[in-house]
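Asks: One structure, pasted below without further comment.
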Amino acid sequence: MEMNANYTSLVAVGDSFTEGMSDLLPDGSYRGWADLLAGRLAARATGFRYANLAVRGKLIGQILDEQVDIAAAMSADVVTLVGGLNDTLRPSCDMGRVRGLLTEAVERLAPSCGQLVLMRSPGRDGPVMERFRPRMEELFSCIDELAARHGALVVDLYGTPALGDQRLWDVDRLHLTAEGHRRVAEAVWQTLGLPAEDDWRAPLPPAETVRWLTRRTEDARFARQHLGPWIVRRVTGRSSGDGRPAKRPELLPYGTPELDGAPSRLS
């Protein structure tokens, strides 16, 4: 059953997951699940407006300080908030502080929009996931509690086997591929009560066997190109989002040429 067939505006708040990495477009910009969702909603509502305030690398405190009040002032029909996962990957993460900041963000956003949407994010299978799983599950428990308290919807991607498949994750092992983002967009779409177009939980076909040497070569490339720079940023206190503007900072009609994709370029 459709909860609302007439959503006329969407504001997306968050980090790289909502910015759209690594759903790369030919012009070097990122698309991602929020853009895909906006396009589908725009096809149902004349004059549909969309803003995406997400910036890669942001911690929940930065999302609260830099995005939440701006999003609240837009009074959109739908606001999505995905944040806190970057915090859980930090060695010195204070989960009590993360829960407090997330709670404050939800308390500011929920009264300002028609429908707040939260998310239990997916995680790639592997040893890194296992190391940080307790923190992630503590974050997700907080999300469930906040949703129940404030009438928010929760898109539950966590633990869905298909989204743990390494083939839906980019070579950096942190961000979804285009197909992964498409599935997330469908999951949010269905959570909003809109008619399903496919099964986003459907498993991928059986994977081909990868040779041991190929796996080790991929591991070495990942460590050199992605893991090493990530560790350096953690040690030096820098972020991939430092100085980067929001993806779509204004709530304007979907498809506005001067906004689409420009701040999300790789360079």
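Residue numbers start at 1 in each chain; chains themselves are named A, B, ... in the order of the structure tokens; ligands are numbered from 1 in the order shown.
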Can you check which residues of range 64-112 of chain A DSSP gives as strand (DSSP E) on the backbone and send them as a ChimeraX atom specification?
Replies: /A:78-82
Asks: Can those selected residues be exported to a file as an mmCIF file, in the first residue's frame so that it contains N, CA, C and O atoms?
Replies:
```
data_model
loop_
_atom_site.group_PDB
_atom_site.id
_atom_site.type_symbol
_atom_site.label_atom_id
_atom_site.label_comp_id
_atom_site.auth_asym_id
_atom_site.auth_seq_id
_atom_site.Cartn_x
_atom_site.Cartn_y
_atom_site.Cartn_z
ATOM 1 N N VAL A 78 10.389 14.837 2.451
ATOM 2 C CA VAL A 78 11.206 13.704 2.898
ATOM 3 C C VAL A 78 12.618 14.189 3.179
ATOM 4 O O VAL A 78 13.211 14.904 2.360
ATOM 5 N N VAL A 79 13.161 13.807 4.331
ATOM 6 C CA VAL A 79 14.563 14.037 4.656
ATOM 7 C C VAL A 79 15.188 12.697 5.008
ATOM 8 O O VAL A 79 14.641 11.947 5.828
ATOM 9 N N THR A 80 16.311 12.376 4.371
ATOM 10 C CA THR A 80 17.050 11.168 4.722
ATOM 11 C C THR A 80 18.288 11.569 5.514
ATOM 12 O O THR A 80 18.986 12.520 5.158
ATOM 13 N N LEU A 81 18.552 10.856 6.583
ATOM 14 C CA LEU A 81 19.726 11.093 7.426
ATOM 15 C C LEU A 81 20.477 9.778 7.588
ATOM 16 O O LEU A 81 19.944 8.820 8.153
ATOM 17 N N VAL A 82 21.692 9.735 7.062
ATOM 18 C CA VAL A 82 22.566 8.571 7.231
ATOM 19 C C VAL A 82 23.906 9.091 7.722
ATOM 20 O O VAL A 82 24.603 9.797 7.002
#
```
Asks: Quick one: residues within 6 Å of range 30-38 of chain A, only C-alpha atoms, excluding same-chain residues fewer than 2 positions away - as number ranges by chain?
Replies: A: 20-21, 23-25, 40-42, 181-182, 184-185, 264
Asks: How far is it from CA of Val154 in chain A to CA of Pro249 in chain A, in Å with one decimal?
Replies: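 Taking CA of Val154 in chain A as the start and CA of Pro249 in chain A as the end point, the length is 24.2 Å.
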Asks: Neighbouring residues of range 110-120 of chain A were defined as those with any atom within 10 Å, considering only C-alpha atoms; residues of the same chain fewer than 3 positions away were excluded. Please report them as a PyMOL selection string.
Replies: chain A and resi 7+9-12+69+71-83+85+105-107+123+136-137+139-141+143-144+146-147+150-159+188+191-192
Asks: Under the rule that only C-alpha atoms are counted, which of A:Thr46, A:Gln190, A:Ser29, A:Asn86 is the nearest residue to Gly61 in chain A?
Replies: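 That would be A:Asn86, the residue with the smallest distance to Gly61 in chain A.
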Asks: What is the CA of Leu64 in chain A to CA of Val98 in chain A distance in Å?
Replies: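 Separating CA of Leu64 in chain A from CA of Val98 in chain A is a distance of 10.8 Å.
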Asks: In Å to one decimal, how far is CA of Arg131 in chain A from CA of Leu168 in chain A?
Replies: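 So the answer is 20.3 Å.
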Asks: With only C-alpha atoms as the atoms that count, which of A:Arg183, A:Gly243, A:Arg133, A:Arg124 lies nearest to Asp170 in chain A?
Replies: A:Arg124
Asks: Name the residues of range 24-230 of chain A that come out as alpha helix (DSSP H) in a backbone DSSP run; write them as an NGL selection string.
Replies: :A and (33-42 or 60-63 or 69-74 or 85-88 or 95-109 or 127-150 or 161-164 or 178-191 or 212-222 or 228-230)
